[in-house]
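Enquirer: Contents of model-v1.txt (compact mmCIF, C-alpha atoms):
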# COMPACT_ATOMS: atom_id res chain seq x y z
CA MET T 8 231.37 129.48 170.68
CA LEU T 9 231.49 131.46 173.94
CA PRO T 10 233.76 130.44 176.65
CA LYS T 11 232.33 128.34 179.43
CA THR T 12 232.89 130.97 182.00
CA THR T 13 230.92 133.45 180.08
CA GLN T 14 227.88 131.15 179.77
CA GLU T 15 227.88 130.40 183.45
CA ASP T 16 228.14 134.06 184.29
CA ARG T 17 225.20 134.88 182.04
CA ARG T 18 223.05 132.16 183.70
CA GLU T 19 223.82 133.59 187.09
CA ILE T 20 222.90 137.07 185.95
CA ASP T 21 219.52 135.84 184.61
CA ILE T 22 218.71 134.09 187.85
CA GLN T 23 219.51 137.20 189.82
CA THR T 24 217.20 139.31 187.68
CA LEU T 25 214.16 137.07 188.28
CA ALA T 26 211.77 137.83 191.09
CA PRO T 27 211.75 135.40 193.94
CA GLY T 28 208.10 134.32 193.07
CA ASP T 29 208.99 133.74 189.46
CA VAL T 30 211.55 131.13 190.17
CA ARG T 31 210.30 127.93 188.30
CA THR T 32 210.69 124.68 190.09
CA GLY T 33 210.86 121.22 188.50
CA LYS T 34 207.20 120.32 189.42
CA PRO T 35 204.19 121.45 187.20
CA SER T 36 201.94 124.19 188.59
CA ARG T 37 198.12 123.94 189.32
CA LYS T 38 197.34 125.97 186.21
CA ALA T 39 199.13 123.46 184.09
CA TRP T 40 197.17 120.64 185.63
CA LEU T 41 193.89 122.47 185.02
CA VAL T 42 194.71 123.04 181.39
CA LEU T 43 195.65 119.41 181.02
CA ALA T 44 192.40 118.24 182.66
CA ILE T 45 190.31 120.45 180.41
CA ALA T 46 192.08 119.12 177.38
CA VAL T 47 191.54 115.53 178.49
CA ILE T 48 187.87 116.16 179.18
CA ALA T 49 187.39 117.81 175.80
CA VAL T 50 189.04 114.90 174.04
CA ALA T 51 186.95 112.40 176.03
CA THR T 52 183.79 114.33 175.29
CA LEU T 53 184.55 114.31 171.60
CA LEU T 54 185.26 110.61 171.68
CA ILE T 55 182.11 109.78 173.68
CA SER T 56 179.95 112.05 171.48
CA GLY T 57 181.22 110.41 168.35
CA ILE T 58 180.72 106.93 169.74
CA TRP T 59 177.20 107.78 171.06
CA SER T 60 176.11 109.32 167.76
CA ARG T 61 177.25 106.19 165.98
CA VAL T 62 175.44 103.97 168.48
CA LYS T 63 172.29 106.09 168.22
CA ALA T 64 172.44 106.09 164.42
CA GLY T 65 172.83 102.33 164.44
CA ALA T 66 169.86 101.89 166.81
CA THR T 67 167.75 104.23 164.68
CA LEU T 68 168.74 102.33 161.57
CA ARG T 69 167.86 99.02 163.19
CA LEU T 70 164.48 100.44 164.38
CA GLU T 71 163.67 101.87 160.97
CA THR T 72 164.69 98.60 159.36
CA ALA T 73 162.44 96.67 161.76
CA GLN T 74 159.54 99.05 161.17
CA ALA T 75 160.01 98.87 157.43
CA ALA T 76 159.80 95.11 157.69
CA LEU T 77 156.36 95.35 159.43
CA PRO T 78 153.26 95.34 157.17
CA ALA T 79 151.60 98.75 156.93
CA VAL T 80 147.86 98.74 157.62
CA SER T 81 144.99 101.21 157.75
CA VAL T 82 142.51 100.93 160.60
CA VAL T 83 138.98 102.11 161.25
CA SER T 84 136.93 102.35 164.42
CA PRO T 85 133.47 100.71 164.35
CA LYS T 86 130.47 103.01 164.21
CA GLN T 87 127.87 102.31 166.87
CA THR T 88 124.33 102.15 165.57
CA ALA T 89 121.35 104.03 167.00
CA PRO T 90 118.97 102.28 169.41
CA THR T 91 116.41 102.23 166.60
CA ASP T 92 116.75 101.32 162.94
CA GLU T 93 114.79 103.20 160.30
CA ILE T 94 113.65 100.78 157.68
CA ILE T 95 112.13 101.88 154.39
CA LEU T 96 109.65 99.50 152.83
CA PRO T 97 107.31 99.70 149.82
CA GLY T 98 103.63 100.23 150.59
CA ASN T 99 100.40 100.01 148.63
CA VAL T 100 97.99 102.88 149.22
CA GLN T 101 94.37 101.74 149.24
CA PRO T 102 91.11 103.44 150.20
CA PHE T 103 89.73 102.73 153.63
CA ILE T 104 86.51 101.47 152.04
CA THR T 105 86.14 100.39 148.43
CA SER T 106 83.37 98.44 146.75
CA PRO T 107 82.15 97.42 143.31
CA ILE T 108 78.48 98.22 142.69
CA TYR T 109 76.50 95.31 141.18
CA ALA T 110 72.89 95.11 140.04
CA ARG T 111 70.47 92.85 141.93
CA THR T 112 68.08 92.50 139.02
CA ASN T 113 68.32 91.72 135.31
CA GLY T 114 67.51 94.30 132.67
CA TYR T 115 68.89 97.10 130.52
CA LEU T 116 70.60 100.22 131.78
CA LYS T 117 68.21 103.08 131.30
CA LYS T 118 70.33 105.97 132.65
CA TRP T 119 73.42 106.73 134.73
CA TYR T 120 73.96 109.97 136.65
CA PHE T 121 77.62 110.04 137.77
CA ASP T 122 80.88 109.40 135.95
CA ILE T 123 84.40 108.69 137.22
CA GLY T 124 85.80 111.24 139.65
CA ALA T 125 82.38 112.29 140.88
CA HIS T 126 81.96 112.73 144.64
CA VAL T 127 78.71 111.21 145.81
CA LYS T 128 76.86 111.02 149.10
CA GLN T 129 75.36 107.96 150.68
CA GLY T 130 71.93 107.23 149.19
CA GLN T 131 72.39 109.26 146.00
CA LEU T 132 70.90 107.70 142.85
CA LEU T 133 73.63 106.44 140.54
CA ALA T 134 71.74 104.66 137.76
CA VAL T 135 68.35 103.20 136.72
CA ILE T 136 67.74 99.78 135.13
CA GLU T 137 64.72 98.86 133.02
CA THR T 138 63.22 95.49 134.05
CA PRO T 139 59.89 94.97 132.22
CA GLU T 140 59.76 91.26 133.13
CA VAL T 141 60.07 92.04 136.83
CA ASP T 142 57.42 94.74 136.54
CA GLN T 143 55.02 92.20 134.99
CA GLN T 144 55.84 89.63 137.63
CA LEU T 145 55.10 92.17 140.32
CA GLN T 146 51.76 93.01 138.71
CA GLN T 147 50.89 89.31 138.49
CA ALA T 148 51.84 88.76 142.12
CA ARG T 149 49.63 91.62 143.20
CA SER T 150 46.70 90.18 141.19
CA ASN T 151 47.23 86.75 142.75
CA LEU T 152 47.22 88.41 146.15
CA LEU T 153 43.90 90.11 145.45
CA THR T 154 42.38 86.79 144.33
CA ALA T 155 43.69 85.03 147.42
CA GLN T 156 42.37 87.77 149.68
CA ALA T 157 38.89 87.47 148.05
CA ASN T 158 38.88 83.69 148.52
CA LEU T 159 39.99 84.17 152.12
CA GLU T 160 37.17 86.58 152.78
CA LEU T 161 34.60 84.15 151.32
CA ALA T 162 36.06 81.29 153.33
CA SER T 163 35.89 83.41 156.46
CA ILE T 164 32.17 84.12 155.89
CA THR T 165 31.46 80.44 155.23
CA LYS T 166 33.34 79.36 158.33
CA THR T 167 31.48 81.83 160.51
CA ARG T 168 28.05 80.80 159.07
CA TYR T 169 28.67 77.06 159.53
CA GLN T 170 29.86 77.54 163.07
CA GLY T 171 26.60 79.39 163.86
CA LEU T 172 24.43 76.70 162.21
CA LEU T 173 26.23 73.97 164.14
CA LYS T 174 24.74 75.28 167.37
CA SER T 175 21.26 74.46 166.09
CA ASN T 176 22.43 71.20 164.51
CA ALA T 177 21.49 72.55 161.06
CA VAL T 178 24.80 71.35 159.61
CA SER T 179 27.04 68.46 160.46
CA GLN T 180 30.35 68.73 162.18
CA GLN T 181 32.00 67.54 158.97
CA ASP T 182 30.73 70.57 157.10
CA VAL T 183 32.07 72.90 159.80
CA ASP T 184 35.50 71.25 159.68
CA ASN T 185 35.62 71.59 155.90
CA ALA T 186 34.79 75.29 156.15
CA VAL T 187 37.48 75.88 158.77
CA GLY T 188 40.05 73.97 156.67
CA THR T 189 39.22 76.01 153.58
CA TYR T 190 39.64 79.22 155.54
CA ASN T 191 43.04 78.20 156.87
CA ALA T 192 44.24 77.15 153.39
CA ASN T 193 43.14 80.45 151.86
CA LYS T 194 44.84 82.32 154.69
CA SER T 195 48.13 80.56 153.91
CA ILE T 196 47.75 81.36 150.22
CA VAL T 197 47.28 85.02 151.08
CA GLU T 198 50.47 84.99 153.17
CA ALA T 199 52.40 83.36 150.32
CA ASP T 200 51.07 85.85 147.79
CA LYS T 201 52.04 88.72 150.11
CA ALA T 202 55.58 87.35 150.25
CA ALA T 203 55.69 87.11 146.46
CA VAL T 204 54.53 90.71 146.13
CA GLU T 205 57.23 91.83 148.58
CA GLN T 206 59.85 89.84 146.70
CA TYR T 207 58.99 91.38 143.33
CA SER T 208 58.67 94.79 144.92
CA ALA T 209 62.20 94.41 146.22
CA LEU T 210 63.39 93.38 142.77
CA VAL T 211 61.71 96.41 141.27
CA SER T 212 63.39 98.61 143.88
CA PHE T 213 66.72 97.21 142.68
CA GLU T 214 66.09 98.94 139.39
CA LYS T 215 67.54 102.03 141.07
CA ILE T 216 71.23 101.88 142.07
CA TYR T 217 72.17 104.01 145.09
CA ALA T 218 75.56 104.94 146.59
CA PRO T 219 76.24 102.75 149.64
CA PHE T 220 78.50 105.35 151.32
CA ASP T 221 80.13 108.72 150.77
CA GLY T 222 82.94 108.41 148.28
CA VAL T 223 84.33 108.91 144.80
CA ILE T 224 83.35 107.03 141.66
CA THR T 225 86.61 105.45 140.47
CA ALA T 226 85.19 103.35 137.62
CA ARG T 227 82.06 103.19 135.42
CA ASN T 228 81.84 99.92 133.52
CA THR T 229 78.51 100.28 131.75
CA ASP T 230 76.54 102.62 129.52
CA ILE T 231 72.96 103.23 128.45
CA GLY T 232 71.38 100.21 126.79
CA ASP T 233 73.84 97.64 128.20
CA LEU T 234 72.42 94.31 129.31
CA ILE T 235 72.74 93.98 133.06
CA ASN T 236 73.07 90.63 134.82
CA SER T 237 72.17 90.57 138.47
CA GLY T 238 74.86 89.81 141.01
CA SER T 239 72.85 86.85 142.27
CA SER T 240 72.64 85.16 138.86
CA THR T 241 74.97 82.40 137.70
CA GLY T 242 76.01 84.28 134.56
CA VAL T 243 78.70 86.89 134.13
CA LYS T 244 78.16 89.61 136.72
CA THR T 245 78.26 93.24 135.70
CA ASP T 246 79.87 95.68 138.15
CA LEU T 247 78.30 98.95 137.16
CA PHE T 248 80.52 101.25 139.25
CA HIS T 249 83.46 101.21 141.62
CA ILE T 250 83.26 103.56 144.56
CA ALA T 251 86.03 104.36 147.06
CA GLN T 252 86.22 106.36 150.25
CA PRO T 253 89.53 108.32 150.06
CA GLY T 254 89.16 110.44 153.20
CA LYS T 255 91.12 107.82 155.11
CA LEU T 256 93.59 105.47 153.49
CA ARG T 257 95.00 102.06 154.31
CA VAL T 258 98.63 101.36 153.47
CA TYR T 259 99.63 97.70 153.47
CA VAL T 260 103.31 96.90 154.07
CA ASN T 261 105.18 93.60 154.17
CA VAL T 262 107.78 93.75 156.95
CA PRO T 263 110.71 91.27 156.82
CA GLU T 264 110.68 88.61 159.50
CA GLU T 265 113.81 89.90 161.28
CA TYR T 266 112.03 93.18 162.10
CA SER T 267 108.72 91.58 163.12
CA GLN T 268 109.46 91.59 166.87
CA GLY T 269 109.92 95.36 166.82
CA ILE T 270 106.57 96.02 165.12
CA LYS T 271 103.96 97.22 167.61
CA VAL T 272 100.43 98.55 167.11
CA GLY T 273 100.37 102.31 167.67
CA MET T 274 103.76 103.01 166.07
CA THR T 275 104.13 106.09 163.89
CA ALA T 276 104.97 105.62 160.24
CA ASN T 277 105.91 108.29 157.69
CA LEU T 278 105.04 108.00 154.01
CA SER T 279 107.03 109.54 151.19
CA LEU T 280 105.88 109.58 147.57
CA ALA T 281 107.70 110.51 144.41
CA GLU T 282 105.06 113.09 143.51
CA PHE T 283 105.62 114.88 146.87
CA PRO T 284 109.45 114.96 147.16
CA ALA T 285 109.60 117.45 150.04
CA ARG T 286 106.60 116.24 152.03
CA LYS T 287 105.96 113.49 154.56
CA PHE T 288 102.57 112.01 155.38
CA GLN T 289 102.19 110.68 158.90
CA GLY T 290 100.26 107.52 159.62
CA THR T 291 99.64 105.10 162.47
CA LEU T 292 100.17 101.36 162.52
CA VAL T 293 96.74 100.04 163.47
CA ARG T 294 96.97 96.26 163.03
CA THR T 295 99.18 93.40 161.95
CA ALA T 296 98.38 90.00 160.50
CA GLU T 297 100.00 88.32 163.56
CA ASP T 298 101.30 85.74 161.11
CA ILE T 299 104.49 85.31 159.07
CA ASN T 300 103.77 84.52 155.44
CA VAL T 301 105.53 81.23 154.73
CA THR T 302 106.14 82.19 151.09
CA THR T 303 107.64 85.66 151.54
CA ARG T 304 108.70 85.38 155.21
CA THR T 305 107.13 88.75 155.90
CA LEU T 306 104.59 90.19 158.32
CA LEU T 307 101.68 92.07 156.76
CA ILE T 308 100.86 95.32 158.58
CA GLU T 309 98.32 98.08 158.00
CA VAL T 310 99.07 101.78 158.40
CA ASP T 311 96.13 104.21 158.39
CA VAL T 312 96.68 107.72 157.01
CA GLU T 313 94.24 110.62 157.22
CA ASN T 314 93.61 112.17 153.80
CA PRO T 315 90.96 114.87 154.35
CA LYS T 316 91.91 116.95 151.31
CA GLY T 317 92.37 113.99 149.01
CA SER T 318 96.01 114.80 148.30
CA LEU T 319 96.95 111.13 148.21
CA LEU T 320 95.44 109.06 145.44
CA THR T 321 94.36 105.50 146.02
CA GLY T 322 96.50 102.90 144.33
CA SER T 323 99.68 104.98 144.74
CA TYR T 324 103.09 103.53 145.53
CA ALA T 325 104.64 104.86 148.73
CA GLU T 326 107.81 104.35 150.73
CA VAL T 327 106.96 103.69 154.37
CA HIS T 328 109.54 104.77 156.96
CA LEU T 329 109.39 102.79 160.20
CA ALA T 330 111.60 103.36 163.26
CA VAL T 331 111.99 99.83 164.60
CA PRO T 332 113.67 99.38 168.03
CA THR T 333 116.74 97.17 167.89
CA GLN T 334 117.25 94.27 170.27
CA ALA T 335 120.79 95.39 171.24
CA SER T 336 123.43 97.93 170.33
CA THR T 337 125.36 96.93 167.22
CA PHE T 338 128.21 98.29 165.13
CA LEU T 339 128.74 99.14 161.47
CA LEU T 340 131.92 98.27 159.59
CA PRO T 341 133.00 98.71 155.97
CA VAL T 342 132.63 95.40 154.18
CA ASN T 343 136.30 95.46 153.13
CA ALA T 344 137.29 94.96 156.79
CA LEU T 345 135.99 91.38 156.89
CA LEU T 346 138.11 88.27 156.67
CA PHE T 347 136.57 85.04 155.43
CA ARG T 348 138.32 82.13 157.09
CA SER T 349 137.51 78.46 157.38
CA GLU T 350 136.65 78.95 161.05
CA GLY T 351 134.17 81.68 160.17
CA LEU T 352 133.89 85.42 159.62
CA CYS T 353 136.43 87.51 161.54
CA VAL T 354 138.19 90.88 161.61
CA GLY T 355 141.76 91.94 162.41
CA ILE T 356 142.07 94.10 165.53
CA VAL T 357 145.31 96.02 166.20
CA LYS T 358 146.37 96.32 169.86
CA ASP T 359 149.86 97.36 171.02
CA GLY T 360 151.17 96.88 167.51
CA LYS T 361 149.97 93.28 167.31
CA VAL T 362 147.12 91.74 165.32
CA THR T 363 144.33 89.73 166.92
CA LEU T 364 141.87 87.90 164.66
CA ASN T 365 138.50 88.20 166.37
CA PRO T 366 135.40 86.24 165.20
CA VAL T 367 132.29 88.39 164.63
CA THR T 368 128.59 87.78 163.99
CA PRO T 369 127.17 89.69 161.00
CA GLY T 370 123.74 91.31 160.89
CA HIS T 371 122.18 93.26 158.05
CA ASP T 372 124.11 93.99 154.89
CA PHE T 373 123.77 97.63 153.77
CA GLY T 374 125.95 97.40 150.68
CA ASN T 375 129.20 99.22 151.49
CA GLU T 376 128.63 98.68 155.21
CA ILE T 377 127.64 95.64 157.25
CA GLU T 378 126.12 95.38 160.70
CA ILE T 379 128.11 93.46 163.32
CA VAL T 380 125.90 92.02 166.05
CA SER T 381 128.61 90.69 168.36
CA GLY T 382 132.38 90.41 168.64
CA LEU T 383 133.38 94.11 168.64
CA LYS T 384 133.95 96.98 171.06
CA ALA T 385 133.68 100.68 170.32
CA THR T 386 137.41 101.22 171.05
CA ASP T 387 138.68 98.51 168.69
CA GLN T 388 140.91 99.45 165.76
CA ILE T 389 139.85 97.31 162.81
CA ILE T 390 142.19 96.69 159.89
CA VAL T 391 140.78 97.79 156.53
CA ASN T 392 141.63 95.62 153.50
CA PRO T 393 143.60 93.08 155.56
CA PRO T 394 145.89 90.73 153.57
CA ASP T 395 144.83 87.11 153.39
CA SER T 396 148.13 86.04 154.94
CA ILE T 397 147.63 87.97 158.17
CA VAL T 398 147.70 85.92 161.37
CA SER T 399 147.13 86.56 165.08
CA GLY T 400 150.20 87.91 166.90
CA GLN T 401 151.70 89.41 163.77
CA GLY T 402 153.31 92.84 164.20
CA VAL T 403 151.96 95.69 162.05
CA GLN T 404 152.33 99.43 161.80
CA ILE T 405 149.37 101.77 161.44
CA VAL T 406 149.76 104.23 158.59
CA GLN T 407 146.23 105.62 158.51
CA ALA T 408 143.44 105.71 161.05
CA THR T 409 139.91 106.40 159.80
CA LEU T 410 137.46 108.23 162.03
CA PRO T 411 134.44 106.29 163.35
CA GLY T 412 131.72 106.15 160.73
CA GLU T 413 133.97 106.95 157.78
CA VAL T 414 134.21 104.37 155.02
CA LYS T 415 137.28 104.29 152.78
Reformat the file's structure so that it appears as structure tokens.
Expert:
Amino acid sequence: MLPKTTQEDRREIDIQTLAPGDVRTGKPSRKAWLVLAIAVIAVATLLISGIWSRVKAGATLRLETAQAALPAVSVVSPKQTAPTDEIILPGNVQPFITSPIYARTNGYLKKWYFDIGAHVKQGQLLAVIETPEVDQQLQQARSNLLTAQANLELASITKTRYQGLLKSNAVSQQDVDNAVGTYNANKSIVEADKAAVEQYSALVSFEKIYAPFDGVITARNTDIGDLINSGSSTGVKTDLFHIAQPGKLRVYVNVPEEYSQGIKVGMTANLSLAEFPARKFQGTLVRTAEDINVTTRTLLIEVDVENPKGSLLTGSYAEVHLAVPTQASTFLLPVNALLFRSEGLCVGIVKDGKVTLNPVTPGHDFGNEIEIVSGLKATDQIIVNPPDSIVSGQGVQIVQATLPGEVK
């Protein structure tokens, strides 16, 4: 251990060797304070950052826990329908004019000239019937007429002679009156016999069957030698032919009652047939029955279609497409978006994360989609496959949003 004097001397020497500016005082310098402040700030920052991250992690955990507790739902936007609805209905294609051809006299078929599928003109001879009884009756009527005409001529001469003799009082007035009466009676007989001759002549003319209009023979129900009963007789009537006019067709359609108000004369209708898969035939609605059938609750309408080339065959089945104006704009929803509650049909609408059960009025059912007449807006988000336990005000989270018009 050094002596005390030596240590004190060394301390003095060290102090003398230091520069005047390097002499340290007992108070800390500004640099020391700055370093201390930076250290404190760094420690505080680390503490605050750690606490904030823990707070944020806790809040995130609570939010995720709350969201996980909310039911997950898929939503769909309603699809707005067009201002017109195209309805497709079955139609029966019939000729514009069709008629069975009956005989007006009894006899046997002597000859026919046209078979099925033949195109005939108005007035063409179709068949001839043999009627020997009518021919004899006509001959007898003509003979009776000749006899009556001879008696009338004799009565006329007698009447004229007696009227001349009356002037000279050669005959009595009674004789003149008898002569005039005989003349008048014979004149009436002549008129009656003329009518009989005309009647039998008409019956004889019915032996020849003529086409009543231009058309196509669609059926021939008789053959040579068949017994023909006249259409005016009380027995079984024989329709010899069926003739149809296919140049213009009538299509009869039964329209459901709910579309009846949109059916107007003059509307355009398109026909599609299975035998013409890529072709449409245009027609015009020309008349309606103006009456709802109480059995079928439908309105009978007639659509006329021009068929100049005969492409369409009468009796065909066709699908008739009608664009019927709707009364108001409606929406389409998938059927699995509906809720059936005791208070009525409703849907679940999501707004601001909350569910609102909104009553709706259904329209037409299209299978996987249903028309909603009222109770919806285009911007609504409708829950698809909603749980039965869902209630108004319940919080939900949307996991899938379907585009308008898509059905999942």
Enquirer: Compare T:Thr88, T:Asn99, T:Thr368, T:Thr167 by their minimum atom-to-atom distance to Val312 (chain T), counting all atoms listed in the file, and give me the closest one.
Expert: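 Going through T:Thr88, T:Asn99, T:Thr368, T:Thr167 one by one, the smallest distance to Val312 (chain T) is for T:Asn99.
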Enquirer: With all atoms listed in the file as the counted atoms, please give the residues lying no more than 6 Å from Val354 (chain T), apart from itself and same-chain residues fewer than 5 positions off, as number ranges by chain.
Expert: T: 345-346, 364-365
Enquirer: Pick out the closest residue to Gly98 (chain T) from this set: T:Ala344, T:Val211, T:Val310, T:Ile356. Count only C-alpha atoms.
Expert: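 Among the listed residues, the smallest separation from Gly98 (chain T) belongs to T:Val310.
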Enquirer: Just to confirm, what's the straight-line distance from CA of Val357 (chain T) to CA of Pro394 (chain T) in Å (one decimal)?
Expert: 13.7 Å
Enquirer: From the options T:Ser175, T:Asn261, T:Ser212, T:Ser399, which residue's atoms come nearest to Gly360 (chain T), counting all atoms listed in the file?
Expert: T:Ser399
Enquirer: Record the distance separating CA of Glu378 (chain T) and CA of Val80 (chain T), expressed in Å with one decimal.
Expert: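 Result for CA of Glu378 (chain T) versus CA of Val80 (chain T): 22.2 Å, one decimal.
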Enquirer: Closest to Asn300 (chain T) among T:Ala209, T:Val262, T:Ala157, T:Leu383, using only C-alpha atoms?
Expert: T:Val262
Enquirer: Which distance in Å separates CA of Ala226 (chain T) and CA of His249 (chain T), to one decimal?
Expert: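 Going from CA of Ala226 (chain T) over to CA of His249 (chain T), I get 4.9 Å.
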Enquirer: I want to know what sits within 9 Å of region 277-279 of chain T, based on all atoms listed in the file, with residues of the same chain fewer than 5 positions away left out; could you give that as a list in words?
Expert: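 That gives Gly98, Pro284, Ala285, Arg286, Lys287, Phe288, Gln289, Gly290, Thr291, Val312, Ala325, Glu326, Val327, His328 and Leu329 of chain T.
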Enquirer: May I ask which of the residues T:Val403, T:Ala202, T:Val260, T:Ile95 is the closest one to Leu152 (chain T), counting only C-alpha atoms?
Expert: T:Ala202
Enquirer: Rank nothing, just name the residue among T:Val362, T:Leu247, T:Leu210, T:Val391 nearest to Ile224 (chain T), using all atoms listed in the file.
Expert: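 Ranked by minimum distance to Ile224 (chain T), first place goes to T:Leu247.
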Enquirer: Can you pull out the residues contacting Leu306 (chain T)? Cut-off 8 Å, using only C-alpha atoms, and skip same-chain residues under 4 positions away; I want them as a list of chain:residue names.
Expert: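 Here the qualifying residues turn out to be T:Asn261, T:Val262, T:Pro263, T:Glu264, T:Ser267, T:Thr295, T:Ala296, T:Glu297, T:Asp298, T:Ile299, T:Asn300.
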Enquirer: Fewer than 3 positions away in the same chain doesn't count, so skip those; otherwise give me all residues within 10 Å of Ser323 (chain T), counting all atoms listed in the file, as a ChimeraX atom specification.
Expert: /T:98-101,258,280-282,319-320
Enquirer: At a cut-off of 10 Å, using all atoms listed in the file, what residues contact region 180-195 of chain T? Leave out same-chain residues fewer than 3 positions from it and give the result as JSON, numbers by chain.
Expert: {"T": [154, 155, 156, 157, 158, 159, 160, 161, 162, 163, 164, 165, 166, 167, 168, 169, 170, 171, 172, 173, 176, 177, 198, 199, 200, 201]}
Enquirer: Next, the residues of the selection above should be written as a PDB file, keeping the file's coordinate frame with C-alpha atoms.
Expert:
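Heads up, here's the output in again_16.pdb:
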ATOM      1  CA  THR T 154      42.380  86.790 144.330  1.00  0.00           C
ATOM      2  CA  ALA T 155      43.690  85.030 147.420  1.00  0.00           C
ATOM      3  CA  GLN T 156      42.370  87.770 149.680  1.00  0.00           C
ATOM      4  CA  ALA T 157      38.890  87.470 148.050  1.00  0.00           C
ATOM      5  CA  ASN T 158      38.880  83.690 148.520  1.00  0.00           C
ATOM      6  CA  LEU T 159      39.990  84.170 152.120  1.00  0.00           C
ATOM      7  CA  GLU T 160      37.170  86.580 152.780  1.00  0.00           C
ATOM      8  CA  LEU T 161      34.600  84.150 151.320  1.00  0.00           C
ATOM      9  CA  ALA T 162      36.060  81.290 153.330  1.00  0.00           C
ATOM     10  CA  SER T 163      35.890  83.410 156.460  1.00  0.00           C
ATOM     11  CA  ILE T 164      32.170  84.120 155.890  1.00  0.00           C
ATOM     12  CA  THR T 165      31.460  80.440 155.230  1.00  0.00           C
ATOM     13  CA  LYS T 166      33.340  79.360 158.330  1.00  0.00           C
ATOM     14  CA  THR T 167      31.480  81.830 160.510  1.00  0.00           C
ATOM     15  CA  ARG T 168      28.050  80.800 159.070  1.00  0.00           C
ATOM     16  CA  TYR T 169      28.670  77.060 159.530  1.00  0.00           C
ATOM     17  CA  GLN T 170      29.860  77.540 163.070  1.00  0.00           C
ATOM     18  CA  GLY T 171      26.600  79.390 163.860  1.00  0.00           C
ATOM     19  CA  LEU T 172      24.430  76.700 162.210  1.00  0.00           C
ATOM     20  CA  LEU T 173      26.230  73.970 164.140  1.00  0.00           C
ATOM     21  CA  ASN T 176      22.430  71.200 164.510  1.00  0.00           C
ATOM     22  CA  ALA T 177      21.490  72.550 161.060  1.00  0.00           C
ATOM     23  CA  GLU T 198      50.470  84.990 153.170  1.00  0.00           C
ATOM     24  CA  ALA T 199      52.400  83.360 150.320  1.00  0.00           C
ATOM     25  CA  ASP T 200      51.070  85.850 147.790  1.00  0.00           C
ATOM     26  CA  LYS T 201      52.040  88.720 150.110  1.00  0.00           C
TER      27      LYS T 201
END
